[in-house]
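Trainee: Okay, so here is upload35.cif, and as you'll see once you scroll down, it has mmCIF, C-alpha atoms and all ligand atoms.
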```cif
data_target
#
loop_
_atom_site.label_atom_id
_atom_site.label_comp_id
_atom_site.auth_asym_id
_atom_site.auth_seq_id
_atom_site.Cartn_x
_atom_site.Cartn_y
_atom_site.Cartn_z
CA MET I 1 -107.67 93.11 -46.30
CA LYS I 2 -105.62 90.02 -47.25
CA ARG I 3 -107.82 87.06 -48.16
CA HIS I 4 -107.13 83.90 -46.19
CA SER I 5 -107.29 80.57 -48.03
CA THR I 6 -108.24 77.13 -46.66
CA ASP I 7 -109.56 73.72 -47.77
CA ILE I 8 -112.78 73.76 -45.77
CA VAL I 9 -114.86 76.41 -43.98
CA ILE I 10 -117.31 75.02 -41.43
CA ALA I 11 -120.12 77.40 -40.44
CA GLY I 12 -121.40 76.34 -37.01
CA GLY I 13 -119.61 75.29 -33.84
CA GLY I 14 -122.42 73.21 -32.34
CA VAL I 15 -121.70 69.57 -31.60
CA ALA I 16 -121.96 68.68 -35.31
CA GLY I 17 -119.67 71.50 -36.50
CA LEU I 18 -117.05 70.85 -33.82
CA THR I 19 -117.07 67.13 -34.69
CA ALA I 20 -116.69 68.00 -38.38
CA ALA I 21 -113.67 70.20 -37.62
CA ALA I 22 -112.02 67.43 -35.58
CA ALA I 23 -112.74 64.80 -38.24
CA PHE I 24 -111.51 66.79 -41.26
CA GLY I 25 -108.61 68.25 -39.28
CA THR I 26 -107.49 64.78 -38.16
CA ALA I 27 -107.65 63.64 -41.79
CA GLY I 28 -105.15 66.40 -42.66
CA PHE I 29 -107.38 69.06 -44.25
CA ASN I 30 -106.93 72.73 -43.41
CA VAL I 31 -110.12 73.84 -41.68
CA THR I 32 -111.54 77.19 -40.57
CA ILE I 33 -114.53 76.85 -38.22
CA ILE I 34 -116.67 79.86 -37.28
CA ASP I 35 -119.59 80.47 -34.91
CA PRO I 36 -120.95 83.85 -33.73
CA THR I 37 -121.81 82.28 -30.33
CA PRO I 38 -118.75 80.97 -28.47
CA PRO I 39 -119.38 77.47 -27.03
CA VAL I 40 -120.46 77.29 -23.37
CA THR I 41 -118.23 74.62 -21.84
CA THR I 42 -119.41 74.33 -18.22
CA GLY I 43 -122.65 72.80 -16.99
CA ASP I 44 -123.65 75.56 -14.57
CA ALA I 45 -122.95 78.61 -16.80
CA ALA I 46 -125.82 80.63 -18.31
CA GLY I 47 -126.67 79.37 -21.80
CA SER I 48 -125.18 75.92 -21.14
CA ASP I 49 -126.75 73.10 -23.20
CA LEU I 50 -127.94 70.67 -20.52
CA ARG I 51 -129.25 68.12 -23.00
CA THR I 52 -127.43 64.85 -23.35
CA THR I 53 -126.64 62.94 -26.53
CA ALA I 54 -126.82 59.19 -26.88
CA PHE I 55 -124.17 58.20 -29.41
CA LEU I 56 -124.93 54.88 -31.09
CA GLN I 57 -122.18 52.39 -32.02
CA PRO I 58 -121.22 53.74 -35.49
CA ALA I 59 -120.99 57.26 -34.07
CA GLN I 60 -118.51 56.06 -31.45
CA GLN I 61 -116.23 54.67 -34.20
CA PHE I 62 -116.38 57.97 -36.06
CA LEU I 63 -115.54 59.94 -32.89
CA GLU I 64 -112.63 57.59 -32.27
CA ALA I 65 -111.18 58.19 -35.76
CA ALA I 66 -111.53 61.95 -35.21
CA GLY I 67 -109.38 61.73 -32.06
CA LEU I 68 -112.39 62.63 -29.90
CA TRP I 69 -113.33 59.39 -28.19
CA ASN I 70 -110.26 59.29 -25.92
CA HIS I 71 -111.36 62.73 -24.66
CA LEU I 72 -114.94 61.48 -24.06
CA ALA I 73 -114.77 57.82 -22.99
CA ALA I 74 -114.20 58.55 -19.29
CA PHE I 75 -117.45 60.55 -19.10
CA ALA I 76 -119.69 58.24 -21.18
CA THR I 77 -122.46 56.14 -19.64
CA PRO I 78 -123.19 52.91 -21.58
CA LEU I 79 -126.74 52.23 -22.81
CA GLN I 80 -127.09 48.47 -22.48
CA VAL I 81 -130.88 48.05 -22.52
CA MET I 82 -133.57 50.12 -24.25
CA ARG I 83 -136.91 49.71 -22.45
CA ILE I 84 -140.30 50.88 -23.72
CA VAL I 85 -143.17 51.04 -21.27
CA ASP I 86 -146.72 51.75 -22.40
CA ILE I 87 -148.80 53.04 -19.52
CA GLY I 88 -152.32 52.12 -20.54
CA THR I 89 -155.48 52.29 -18.52
CA GLU I 90 -154.88 48.70 -17.36
CA ALA I 91 -151.51 46.90 -16.94
CA HIS I 92 -148.25 48.47 -18.13
CA VAL I 93 -146.76 46.81 -21.21
CA THR I 94 -142.97 46.64 -21.04
CA ARG I 95 -140.57 45.57 -23.78
CA ASN I 96 -136.80 45.29 -23.29
CA PHE I 97 -134.20 45.36 -26.05
CA ASN I 98 -130.80 44.16 -24.83
CA ALA I 99 -127.67 45.11 -26.78
CA ALA I 100 -126.16 41.75 -25.77
CA ASP I 101 -128.59 40.11 -28.21
CA ILE I 102 -126.86 41.73 -31.18
CA SER I 103 -123.25 42.45 -30.17
CA GLU I 104 -120.75 42.57 -27.32
CA LEU I 105 -121.01 46.36 -27.17
CA PRO I 106 -123.79 48.49 -25.69
CA PHE I 107 -126.30 50.20 -28.05
CA GLY I 108 -124.49 53.44 -27.37
CA TRP I 109 -123.11 55.88 -24.80
CA ASN I 110 -124.71 58.96 -23.25
CA LEU I 111 -122.81 62.24 -22.77
CA PRO I 112 -123.84 65.76 -21.64
CA ASN I 113 -123.82 68.26 -24.55
CA TRP I 114 -121.91 70.98 -22.62
CA LEU I 115 -119.18 68.43 -21.85
CA LEU I 116 -119.04 67.39 -25.52
CA ARG I 117 -118.35 71.03 -26.42
CA ARG I 118 -115.60 71.31 -23.77
CA GLU I 119 -113.80 68.17 -24.90
CA MET I 120 -114.25 68.92 -28.61
CA VAL I 121 -112.81 72.42 -28.23
CA ALA I 122 -109.86 70.82 -26.36
CA ARG I 123 -109.32 68.40 -29.27
CA LEU I 124 -109.32 71.24 -31.82
CA ALA I 125 -106.57 72.97 -29.84
CA ASP I 126 -104.36 69.92 -30.58
CA LEU I 127 -104.81 70.35 -34.34
CA PRO I 128 -102.60 73.11 -35.80
CA ASN I 129 -104.42 72.85 -39.16
CA VAL I 130 -107.79 73.76 -37.55
CA ASP I 131 -108.48 77.47 -37.06
CA PHE I 132 -111.42 77.89 -34.66
CA ARG I 133 -112.81 81.43 -34.59
CA PRO I 134 -115.56 81.68 -31.96
CA GLY I 135 -117.46 85.00 -32.04
CA ILE I 136 -117.35 85.24 -35.86
CA GLY I 137 -120.21 84.12 -38.10
CA PHE I 138 -120.91 83.35 -41.74
CA THR I 139 -122.63 86.17 -43.64
CA GLN I 140 -122.51 85.24 -47.33
CA MET I 141 -120.72 83.25 -49.99
CA LEU I 142 -119.93 83.57 -53.66
CA ALA I 143 -119.33 80.27 -55.47
CA ARG I 144 -116.87 80.22 -58.36
CA SER I 145 -116.00 77.19 -60.45
CA ASP I 146 -112.89 76.25 -58.44
CA GLU I 147 -113.55 77.80 -55.00
CA ALA I 148 -116.00 79.76 -52.88
CA ILE I 149 -115.39 83.15 -51.33
CA VAL I 150 -116.95 83.20 -47.86
CA THR I 151 -117.56 86.52 -46.14
CA LEU I 152 -117.47 86.54 -42.34
CA SER I 153 -119.21 88.82 -39.83
CA ASP I 154 -115.95 90.71 -39.10
CA GLY I 155 -115.82 91.70 -42.79
CA SER I 156 -112.93 89.36 -43.65
CA GLN I 157 -113.11 86.84 -46.49
CA VAL I 158 -111.91 83.25 -46.80
CA ALA I 159 -111.39 81.39 -50.06
CA THR I 160 -112.28 77.72 -49.70
CA LYS I 161 -112.84 74.56 -51.71
CA LEU I 162 -115.80 73.47 -49.61
CA LEU I 163 -118.22 75.28 -47.31
CA ILE I 164 -119.95 72.98 -44.79
CA GLY I 165 -123.21 74.38 -43.39
CA ALA I 166 -123.44 73.00 -39.84
CA ASP I 167 -125.19 76.14 -38.66
CA GLY I 168 -128.37 74.65 -37.26
CA ARG I 169 -132.07 74.49 -38.16
CA GLY I 170 -132.26 78.15 -39.30
CA SER I 171 -128.98 77.74 -41.29
CA PRO I 172 -127.81 81.05 -42.77
CA VAL I 173 -125.65 78.99 -45.19
CA ARG I 174 -128.75 77.16 -46.42
CA GLN I 175 -130.65 80.42 -46.83
CA SER I 176 -127.77 82.06 -48.64
CA ALA I 177 -127.69 79.08 -51.04
CA GLY I 178 -131.44 79.54 -51.66
CA ILE I 179 -132.31 76.01 -50.46
CA ASP I 180 -135.87 75.63 -49.18
CA VAL I 181 -137.07 73.28 -46.41
CA LYS I 182 -140.16 71.22 -45.64
CA THR I 183 -141.16 71.67 -41.99
CA MET I 184 -143.66 69.53 -40.00
CA ARG I 185 -144.98 70.98 -36.76
CA TYR I 186 -146.60 69.07 -33.92
CA GLY I 187 -147.45 71.88 -31.48
CA GLN I 188 -145.09 69.99 -29.18
CA LYS I 189 -142.16 70.97 -26.99
CA ALA I 190 -139.60 69.01 -24.98
CA LEU I 191 -138.59 69.69 -21.40
CA THR I 192 -135.11 68.50 -20.51
CA PHE I 193 -133.69 68.15 -17.01
CA ALA I 194 -131.74 65.73 -14.78
CA VAL I 195 -133.11 63.74 -11.85
CA THR I 196 -131.77 61.45 -9.16
CA HIS I 197 -133.74 58.39 -8.05
CA ASP I 198 -133.52 55.58 -5.51
CA ALA I 199 -133.63 52.69 -8.01
CA PRO I 200 -130.38 52.10 -9.95
CA HIS I 201 -130.75 52.63 -13.70
CA ASP I 202 -128.53 49.61 -14.52
CA ASN I 203 -127.60 51.35 -17.81
CA VAL I 204 -131.19 51.01 -19.01
CA SER I 205 -132.72 53.81 -21.08
CA THR I 206 -136.49 53.89 -20.50
CA GLU I 207 -139.12 55.46 -22.77
CA ILE I 208 -142.48 55.76 -21.00
CA HIS I 209 -145.49 56.29 -23.27
CA ARG I 210 -148.96 57.48 -22.36
CA SER I 211 -150.12 60.27 -24.68
CA GLY I 212 -148.76 63.68 -25.63
CA GLY I 213 -145.27 62.28 -26.25
CA PRO I 214 -142.70 60.05 -24.55
CA PHE I 215 -141.05 60.60 -21.15
CA THR I 216 -137.53 59.24 -21.58
CA LEU I 217 -134.92 58.60 -18.88
CA VAL I 218 -131.35 58.14 -20.14
CA PRO I 219 -128.61 57.00 -17.71
CA LEU I 220 -125.98 59.41 -16.39
CA PRO I 221 -123.16 58.90 -13.84
CA ASP I 222 -124.22 59.08 -10.16
CA HIS I 223 -124.93 62.55 -8.78
CA ASP I 224 -124.12 63.18 -5.08
CA GLY I 225 -123.89 59.39 -4.62
CA LYS I 226 -127.34 58.70 -6.08
CA PRO I 227 -128.36 57.12 -9.39
CA CYS I 228 -129.01 59.87 -11.94
CA SER I 229 -130.75 60.11 -15.33
CA ALA I 230 -131.29 62.76 -17.98
CA VAL I 231 -134.97 63.22 -18.86
CA VAL I 232 -136.59 64.33 -22.12
CA TRP I 233 -140.32 64.91 -21.55
CA MET I 234 -142.40 65.74 -24.62
CA GLU I 235 -145.90 67.23 -24.38
CA GLN I 236 -148.06 69.76 -26.18
CA GLY I 237 -146.53 73.23 -26.01
CA ALA I 238 -148.99 74.76 -23.53
CA GLU I 239 -148.52 71.85 -21.11
CA VAL I 240 -144.73 72.17 -21.34
CA ASN I 241 -144.97 75.89 -20.59
CA ARG I 242 -147.15 75.09 -17.55
CA LEU I 243 -144.73 72.41 -16.32
CA ALA I 244 -141.72 74.68 -16.85
CA ALA I 245 -143.34 77.39 -14.68
CA LEU I 246 -144.14 75.09 -11.69
CA ASP I 247 -142.07 75.39 -8.52
CA ASP I 248 -139.67 72.48 -7.95
CA ASP I 249 -141.95 70.55 -5.55
CA ALA I 250 -144.98 70.75 -7.82
CA PHE I 251 -142.81 69.85 -10.81
CA GLU I 252 -141.40 66.77 -9.05
CA THR I 253 -144.96 65.65 -8.23
CA ALA I 254 -145.94 65.99 -11.90
CA ALA I 255 -142.80 64.16 -13.07
CA ASN I 256 -143.40 61.34 -10.57
CA ASP I 257 -146.94 60.94 -11.82
CA ARG I 258 -145.84 60.93 -15.46
CA SER I 259 -143.03 58.38 -14.79
CA ALA I 260 -145.51 56.12 -12.93
CA PHE I 261 -142.87 55.86 -10.17
CA LEU I 262 -140.94 53.32 -12.28
CA TYR I 263 -137.67 54.62 -10.79
CA GLY I 264 -139.14 55.56 -7.40
CA PRO I 265 -139.50 59.26 -6.50
CA LEU I 266 -137.59 61.59 -8.84
CA LYS I 267 -135.56 64.50 -7.46
CA LEU I 268 -134.82 67.42 -9.77
CA VAL I 269 -131.06 68.18 -9.81
CA SER I 270 -130.73 70.60 -12.73
CA ARG I 271 -132.58 73.55 -14.18
CA ARG I 272 -135.28 72.77 -16.75
CA SER I 273 -134.93 73.80 -20.40
CA VAL I 274 -137.54 73.88 -23.13
CA TRP I 275 -136.97 72.88 -26.79
CA PRO I 276 -139.44 73.32 -29.66
CA ILE I 277 -140.10 70.06 -31.54
CA ILE I 278 -140.32 69.94 -35.33
CA SER I 279 -139.33 67.71 -38.20
CA GLN I 280 -137.58 69.44 -41.06
CA ILE I 281 -135.79 68.34 -44.20
CA ALA I 282 -133.88 70.50 -46.68
CA HIS I 283 -134.98 70.12 -50.32
CA ASP I 284 -131.32 69.85 -51.38
CA LEU I 285 -128.22 68.83 -49.43
CA THR I 286 -125.84 70.74 -51.67
CA ALA I 287 -125.33 73.92 -53.66
CA PRO I 288 -122.20 74.95 -55.60
CA ARG I 289 -119.17 74.42 -53.29
CA THR I 290 -121.58 73.87 -50.37
CA ALA I 291 -122.73 70.83 -48.35
CA LEU I 292 -125.37 70.95 -45.61
CA VAL I 293 -125.03 68.62 -42.61
CA ALA I 294 -126.83 67.97 -39.32
CA GLU I 295 -129.75 70.24 -38.34
CA ALA I 296 -129.07 72.53 -41.30
CA ALA I 297 -130.16 69.51 -43.40
CA HIS I 298 -132.56 67.59 -41.13
CA VAL I 299 -134.32 68.07 -37.79
CA MET I 300 -136.30 65.41 -35.94
CA PRO I 301 -138.10 64.96 -32.63
CA PRO I 302 -135.74 63.45 -30.03
CA ILE I 303 -136.92 59.85 -30.37
CA GLY I 304 -134.53 56.95 -30.86
CA ALA I 305 -131.42 59.17 -30.50
CA GLN I 306 -131.36 59.85 -34.23
CA GLY I 307 -130.54 63.57 -34.66
CA LEU I 308 -126.84 63.81 -34.02
CA ASN I 309 -126.20 60.20 -34.96
CA MET I 310 -127.56 60.95 -38.42
CA SER I 311 -125.41 64.07 -38.51
CA LEU I 312 -122.31 61.99 -37.93
CA ARG I 313 -123.39 59.79 -40.85
CA ASP I 314 -123.48 62.94 -42.99
CA LEU I 315 -119.95 63.80 -41.86
CA SER I 316 -118.66 60.28 -42.33
CA CYS I 317 -119.99 60.22 -45.91
CA LEU I 318 -118.49 63.63 -46.75
CA LEU I 319 -115.15 62.69 -45.19
CA ASP I 320 -114.93 59.37 -47.10
CA LEU I 321 -115.56 61.22 -50.37
CA ALA I 322 -113.00 63.91 -49.52
CA VAL I 323 -110.31 61.42 -48.53
CA ALA I 324 -110.93 59.24 -51.61
CA GLN I 325 -110.34 62.18 -54.00
CA PRO I 326 -108.86 65.18 -52.18
CA ASP I 327 -108.34 67.00 -55.49
CA GLN I 328 -112.14 66.87 -56.02
CA LEU I 329 -112.93 68.53 -52.67
CA GLY I 330 -116.12 70.60 -53.11
CA ALA I 331 -116.36 69.81 -56.86
CA PRO I 332 -119.76 68.97 -58.39
CA ALA I 333 -119.01 65.21 -58.62
CA MET I 334 -118.20 65.00 -54.91
CA LEU I 335 -121.26 67.00 -53.89
CA ASP I 336 -123.56 65.00 -56.17
CA ALA I 337 -122.24 61.77 -54.66
CA TYR I 338 -122.86 63.13 -51.15
CA ALA I 339 -126.47 64.04 -51.94
CA ARG I 340 -127.09 60.72 -53.69
CA LYS I 341 -125.72 58.68 -50.78
CA ARG I 342 -127.28 60.64 -47.91
CA HIS I 343 -130.69 61.75 -49.14
CA PRO I 344 -132.48 58.34 -49.08
CA ASP I 345 -131.30 57.56 -45.51
CA ILE I 346 -132.27 61.03 -44.27
CA LYS I 347 -135.70 60.81 -45.87
CA LEU I 348 -136.32 57.32 -44.46
CA ARG I 349 -135.38 58.27 -40.91
CA VAL I 350 -137.19 61.62 -40.87
CA THR I 351 -140.32 59.82 -42.14
CA GLY I 352 -139.94 57.02 -39.58
CA ILE I 353 -139.39 59.33 -36.60
CA ASP I 354 -142.28 61.54 -37.70
CA ALA I 355 -144.56 58.44 -37.65
CA LEU I 356 -143.25 57.30 -34.26
CA ASN I 357 -143.81 60.75 -32.81
CA ARG I 358 -147.38 60.96 -34.13
CA ALA I 359 -148.01 57.49 -32.63
CA SER I 360 -146.65 58.65 -29.32
CA ILE I 361 -148.76 61.82 -29.31
CA ALA I 362 -151.89 59.77 -30.05
CA GLY I 363 -151.08 57.32 -27.23
CA SER I 364 -153.12 54.56 -28.87
CA PRO I 365 -152.34 50.97 -27.76
CA ALA I 366 -152.56 49.96 -31.42
CA MET I 367 -149.38 51.94 -31.90
CA GLN I 368 -147.32 49.58 -29.72
CA THR I 369 -146.33 47.45 -32.71
CA LEU I 370 -145.16 50.51 -34.55
CA ARG I 371 -142.98 51.49 -31.61
CA THR I 372 -141.49 48.01 -31.28
CA LYS I 373 -140.63 47.90 -34.98
CA GLY I 374 -139.28 51.43 -34.78
CA ILE I 375 -136.99 50.66 -31.86
CA GLU I 376 -135.78 47.47 -33.53
CA ALA I 377 -134.91 49.50 -36.61
CA LEU I 378 -133.32 52.48 -34.90
CA TYR I 379 -131.08 50.50 -32.54
CA GLY I 380 -129.95 47.96 -35.10
CA VAL I 381 -131.95 44.99 -33.80
CA ALA I 382 -133.34 44.65 -37.34
CA PRO I 383 -132.32 46.39 -40.57
CA VAL I 384 -133.76 49.92 -40.64
CA ARG I 385 -135.08 49.70 -44.17
CA LYS I 386 -136.75 46.31 -43.67
CA SER I 387 -138.44 47.29 -40.40
CA LEU I 388 -139.69 50.63 -41.61
CA MET I 389 -140.82 49.07 -44.91
CA GLN I 390 -142.89 46.57 -42.94
CA LEU I 391 -144.66 49.55 -41.46
CA GLY I 392 -145.19 51.13 -44.84
CA LEU I 393 -142.67 53.86 -44.06
CA GLY I 394 -139.94 52.83 -46.45
CA ALA I 395 -139.96 55.92 -48.63
CA GLY I 396 -136.70 55.34 -50.48
C1 LIG H 1 -134.37 67.64 -26.36
C2 LIG H 1 -133.44 67.06 -27.40
C3 LIG H 1 -132.71 65.90 -27.13
C4 LIG H 1 -131.88 65.35 -28.12
N1 LIG H 1 -131.22 64.17 -27.86
C5 LIG H 1 -130.46 63.60 -28.83
C6 LIG H 1 -129.78 62.35 -28.63
O1 LIG H 1 -129.86 61.72 -27.57
N2 LIG H 1 -129.04 61.82 -29.65
C7 LIG H 1 -128.93 62.46 -30.86
O2 LIG H 1 -128.26 61.95 -31.76
N3 LIG H 1 -129.51 63.66 -31.06
C8 LIG H 1 -130.28 64.23 -30.09
N4 LIG H 1 -130.90 65.43 -30.31
C9 LIG H 1 -130.60 66.14 -31.53
C10 LIG H 1 -129.29 66.89 -31.35
O3 LIG H 1 -129.28 67.60 -30.15
C11 LIG H 1 -129.10 67.82 -32.48
O4 LIG H 1 -129.02 67.05 -33.66
C12 LIG H 1 -127.84 68.60 -32.33
O5 LIG H 1 -127.73 69.26 -31.11
C13 LIG H 1 -127.84 69.65 -33.39
O6 LIG H 1 -126.57 69.96 -33.61
P1 LIG H 1 -126.14 70.98 -34.73
O7 LIG H 1 -124.69 71.16 -34.47
O8 LIG H 1 -126.61 70.58 -36.07
O9 LIG H 1 -126.98 72.33 -34.44
P2 LIG H 1 -126.82 73.42 -33.30
O10 LIG H 1 -126.47 72.82 -32.00
O11 LIG H 1 -128.04 74.27 -33.39
O12 LIG H 1 -125.55 74.24 -33.77
C14 LIG H 1 -125.61 75.18 -34.80
C15 LIG H 1 -124.55 76.23 -34.52
O13 LIG H 1 -124.52 77.12 -35.63
C16 LIG H 1 -124.25 78.40 -35.11
N5 LIG H 1 -124.61 79.44 -36.07
C17 LIG H 1 -125.79 80.11 -36.20
N6 LIG H 1 -125.66 81.08 -37.12
C18 LIG H 1 -124.40 81.00 -37.61
C19 LIG H 1 -123.67 81.74 -38.58
N7 LIG H 1 -124.21 82.80 -39.24
N8 LIG H 1 -122.38 81.39 -38.84
C20 LIG H 1 -121.80 80.36 -38.19
N9 LIG H 1 -122.44 79.63 -37.23
C21 LIG H 1 -123.73 79.96 -36.95
C22 LIG H 1 -125.04 78.47 -33.82
O14 LIG H 1 -124.52 79.48 -32.96
C23 LIG H 1 -124.83 77.07 -33.27
O15 LIG H 1 -123.75 76.98 -32.38
C24 LIG H 1 -131.74 66.00 -29.36
C25 LIG H 1 -132.45 67.19 -29.63
C26 LIG H 1 -133.31 67.71 -28.66
C27 LIG H 1 -134.11 68.96 -28.98
#
```
Go through the file and emit its structure as C-alpha cells.
Ligand SMILES: Cc1cc2nc3c(=O)[nH]c(=O)nc-3n(C[C@H](O)[C@H](O)[C@H](O)COP(=O)(O)OP(=O)(O)OC[C@H]3O[C@@H](n4cnc5c(N)ncnc54)[C@H](O)[C@@H]3O)c2cc1C
Mentor:
Amino acid sequence: MKRHSTDIVIAGGGVAGLTAAAAFGTAGFNVTIIDPTPPVTTGDAAGSDLRTTAFLQPAQQFLEAAGLWNHLAAFATPLQVMRIVDIGTEAHVTRNFNAADISELPFGWNLPNWLLRREMVARLADLPNVDFRPGIGFTQMLARSDEAIVTLSDGSQVATKLLIGADGRGSPVRQSAGIDVKTMRYGQKALTFAVTHDAPHDNVSTEIHRSGGPFTLVPLPDHDGKPCSAVVWMEQGAEVNRLAALDDDAFETAANDRSAFLYGPLKLVSRRSVWPIISQIAHDLTAPRTALVAEAAHVMPPIGAQGLNMSLRDLSCLLDLAVAQPDQLGAPAMLDAYARKRHPDIKLRVTGIDALNRASIAGSPAMQTLRTKGIEALYGVAPVRKSLMQLGLGAG
C-alpha cells in the first residue's frame, strides 16, 4: 500500500481535535485527522454530546483565527455575570462577578457541544489541506529522527512530522508512547441536562453550592419561548445514578430542591447524561514526534469552565511554535519548548480545580473564601498565579 505523507496527524476528532485541525489547516499546514467514532452533529441523535462548553475570552480569539468563530457566533450565548451561591443552613450567601468590571466583553460564550462538532466539521470541509477521516483510528506509531510512521485502523500508514494526541482521557497515542498518568478520583459523577425556567437568566451563570458538588446553570438561547439553561449537577456517584433513574416528575422535584428555586420551577427539556469525574495529568506532554493536548494530557472536574479552554491554550502554544519555525515541526526543540511552556500552567490549574472540587464536596462555609479566590483567578478578575498562590495552591 502506498504510504501517504503529511505535516501533522491529529488522533481524535472531539472538540479539541477538530479545533486543532481547523487551526493548523488555517495556518497552511497539511493535516490528516482521524477518529474511529464519526462525530454526531445533531442534538437529538443517539450518542449526541448534550454538554455545553463555555469558551472564555482567549479561546474566542483562537477560534476566530482558526476560521471557526464566524461559524459559531450566531449560536453563542454570552456569559456576562458569574454568580456563586452558597446555600447554608441559614441565609444564602451570593457573590456576583461582572465581566464589565474587567473589560467590555463578557467572560465568555456558551455553546452546545454537538453544535460545535457540526460547525467545526463544516469548517474543515472548507480547507483543502485538511483530510478528515471519520471511522478510522490510530493504532500505533514508530518515531524516526525526521518523521513518524503512524499506522491507522484500516491498515494504512501515514508519514508525518508531528503526531498530535487529542484522543481523550484514555488516549491510545499516550499509551503507545508509554506515558503514564496521575489520576485523582472523587467517587463523583456529573449529570448534565437542559431546563427551562420562568425567571430570565440575564446571561448570568450560577453555581449553587451545598455539599456533594456544585449545581451549575449556564445560559442557553430560549427554548420554546422560555428562558433556558444547561445544567451540570455534581454529586457522589450513587446519588447521580439514583437521580438519573428517576422519572421526569420526580427528577424535576429533586432539581428544584437542589437549585433552591433560584430560577423558579425548572422544567426538564433534554435527556439526562452522566459523566464520571476525575482529575488526571500526564507525566509528560511529549514523546518523540508526539505532542499530547486536551484530555489526553489533562482532565479536570467541570468547575470554572477550564477543561477545553486549557486545551485551546495547548493548541495555541503548539501552533505558535510551529508557525515560528515550520522547518522544526515535531523536532525535539519544538516539543521541549511546548512541554516547558505548558506544563506549569496545566499543573497549576489541575491543582487549583482539584482543591475547589474538594471544597465543594465538603460543603463547608469556611471554603467560601477559597471559591471566591478561585473564581477570581479562573475568570481573569485577578491573576491566576497570584490568586492560587494566596491559597497555597501555586505549585509552579
Ligand atoms: C459535564 C462536563 C462539562 C464540561 N464543561 C466544560 C466547559 O464548560 N468548558 C470547558 O472548557 N470544558 C468543559 N468540560 C471539559 C470538556 O468537555 C472536555 O475538555 C472536552 O470535551 C474534551 O475534549 P477532547 O477533545 O480532549 O476529548 P474527547 O471529547 O473525549 O475526544 C477524544 C476523541 O478521541 C477519539 N479517539 C479515541 N480513540 C481514538 C483512536 N484510537 N484514534 C483516534 N481517535 C480516537 C474519540 O472517539 C473522541 O472523539 C466539561 C466536561 C464535562 C465532563
Trainee: By how many Å are CA of Ser229 (chain I) and CA of Thr196 (chain I) apart?
Mentor: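 These two atoms are separated by 6.4 Å.
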Trainee: So how far away is CA of Ile353 (chain I) from CA of Ala260 (chain I), in Å?
Mentor: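 So the two atoms, CA of Ala260 (chain I) and CA of Ile353 (chain I), lie 24.7 Å apart.
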Trainee: For the atom pair atom O10 of ligand LIG 1 (chain H) and CA of Ala166 (chain I), what is the interatomic distance in Å to one decimal place?
Mentor: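 Atom O10 of ligand LIG 1 (chain H) sits 8.4 Å away from CA of Ala166 (chain I).
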Trainee: Kindly indicate which residue among I:Val204, I:Val31, I:Ala194, I:Met300 lies nearest to Trp233 (chain I), using all atoms listed in the file for the distances.
Mentor: I:Ala194
Trainee: Which residues sit within 6 Å of ligand LIG 1 (chain H), counting all atoms listed in the file, listed as a PDB file with C-alpha atoms, keeping the file's coordinate frame?
Mentor:
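Result file follows (part21.pdb):
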```
ATOM      1  CA  ALA I  11    -120.120  77.400 -40.440  1.00  0.00           C
ATOM      2  CA  GLY I  12    -121.400  76.340 -37.010  1.00  0.00           C
ATOM      3  CA  GLY I  13    -119.610  75.290 -33.840  1.00  0.00           C
ATOM      4  CA  GLY I  14    -122.420  73.210 -32.340  1.00  0.00           C
ATOM      5  CA  VAL I  15    -121.700  69.570 -31.600  1.00  0.00           C
ATOM      6  CA  ALA I  16    -121.960  68.680 -35.310  1.00  0.00           C
ATOM      7  CA  GLY I  17    -119.670  71.500 -36.500  1.00  0.00           C
ATOM      8  CA  ILE I  34    -116.670  79.860 -37.280  1.00  0.00           C
ATOM      9  CA  ASP I  35    -119.590  80.470 -34.910  1.00  0.00           C
ATOM     10  CA  PRO I  36    -120.950  83.850 -33.730  1.00  0.00           C
ATOM     11  CA  THR I  37    -121.810  82.280 -30.330  1.00  0.00           C
ATOM     12  CA  ARG I  51    -129.250  68.120 -23.000  1.00  0.00           C
ATOM     13  CA  THR I  52    -127.430  64.850 -23.350  1.00  0.00           C
ATOM     14  CA  THR I  53    -126.640  62.940 -26.530  1.00  0.00           C
ATOM     15  CA  ALA I  54    -126.820  59.190 -26.880  1.00  0.00           C
ATOM     16  CA  GLY I 137    -120.210  84.120 -38.100  1.00  0.00           C
ATOM     17  CA  PHE I 138    -120.910  83.350 -41.740  1.00  0.00           C
ATOM     18  CA  THR I 139    -122.630  86.170 -43.640  1.00  0.00           C
ATOM     19  CA  ALA I 166    -123.440  73.000 -39.840  1.00  0.00           C
ATOM     20  CA  ASP I 167    -125.190  76.140 -38.660  1.00  0.00           C
ATOM     21  CA  GLY I 168    -128.370  74.650 -37.260  1.00  0.00           C
ATOM     22  CA  PRO I 172    -127.810  81.050 -42.770  1.00  0.00           C
ATOM     23  CA  ALA I 190    -139.600  69.010 -24.980  1.00  0.00           C
ATOM     24  CA  THR I 192    -135.110  68.500 -20.510  1.00  0.00           C
ATOM     25  CA  VAL I 232    -136.590  64.330 -22.120  1.00  0.00           C
ATOM     26  CA  TRP I 275    -136.970  72.880 -26.790  1.00  0.00           C
ATOM     27  CA  ALA I 294    -126.830  67.970 -39.320  1.00  0.00           C
ATOM     28  CA  GLU I 295    -129.750  70.240 -38.340  1.00  0.00           C
ATOM     29  CA  PRO I 302    -135.740  63.450 -30.030  1.00  0.00           C
ATOM     30  CA  ALA I 305    -131.420  59.170 -30.500  1.00  0.00           C
ATOM     31  CA  GLN I 306    -131.360  59.850 -34.230  1.00  0.00           C
ATOM     32  CA  GLY I 307    -130.540  63.570 -34.660  1.00  0.00           C
ATOM     33  CA  LEU I 308    -126.840  63.810 -34.020  1.00  0.00           C
ATOM     34  CA  ASN I 309    -126.200  60.200 -34.960  1.00  0.00           C
TER      35      ASN I 309
END
```
Trainee: Taking into account all atoms listed in the file, which residue in the set I:Ile164, I:Ile84, I:Ala244, I:Leu115 is nearest to Thr216 (chain I)?
Mentor: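 Using all atoms listed in the file, Thr216 (chain I) sits closest to I:Ile84.
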Trainee: What's the 9 Å shell around Asn110 (chain I), counting only C-alpha atoms, without same-chain residues fewer than 5 positions away, as a ChimeraX atom specification?
Mentor: /I:52-56,75-79,218-220
Trainee: Excluding Leu63 (chain I) and residues on its chain fewer than 2 positions from it, collect all residues at most 10 Å away from it, counting only C-alpha atoms, and give them as a VMD selection string.
Mentor: chain I and resid 19 to 20 22 to 23 55 58 to 61 65 to 72 312 316
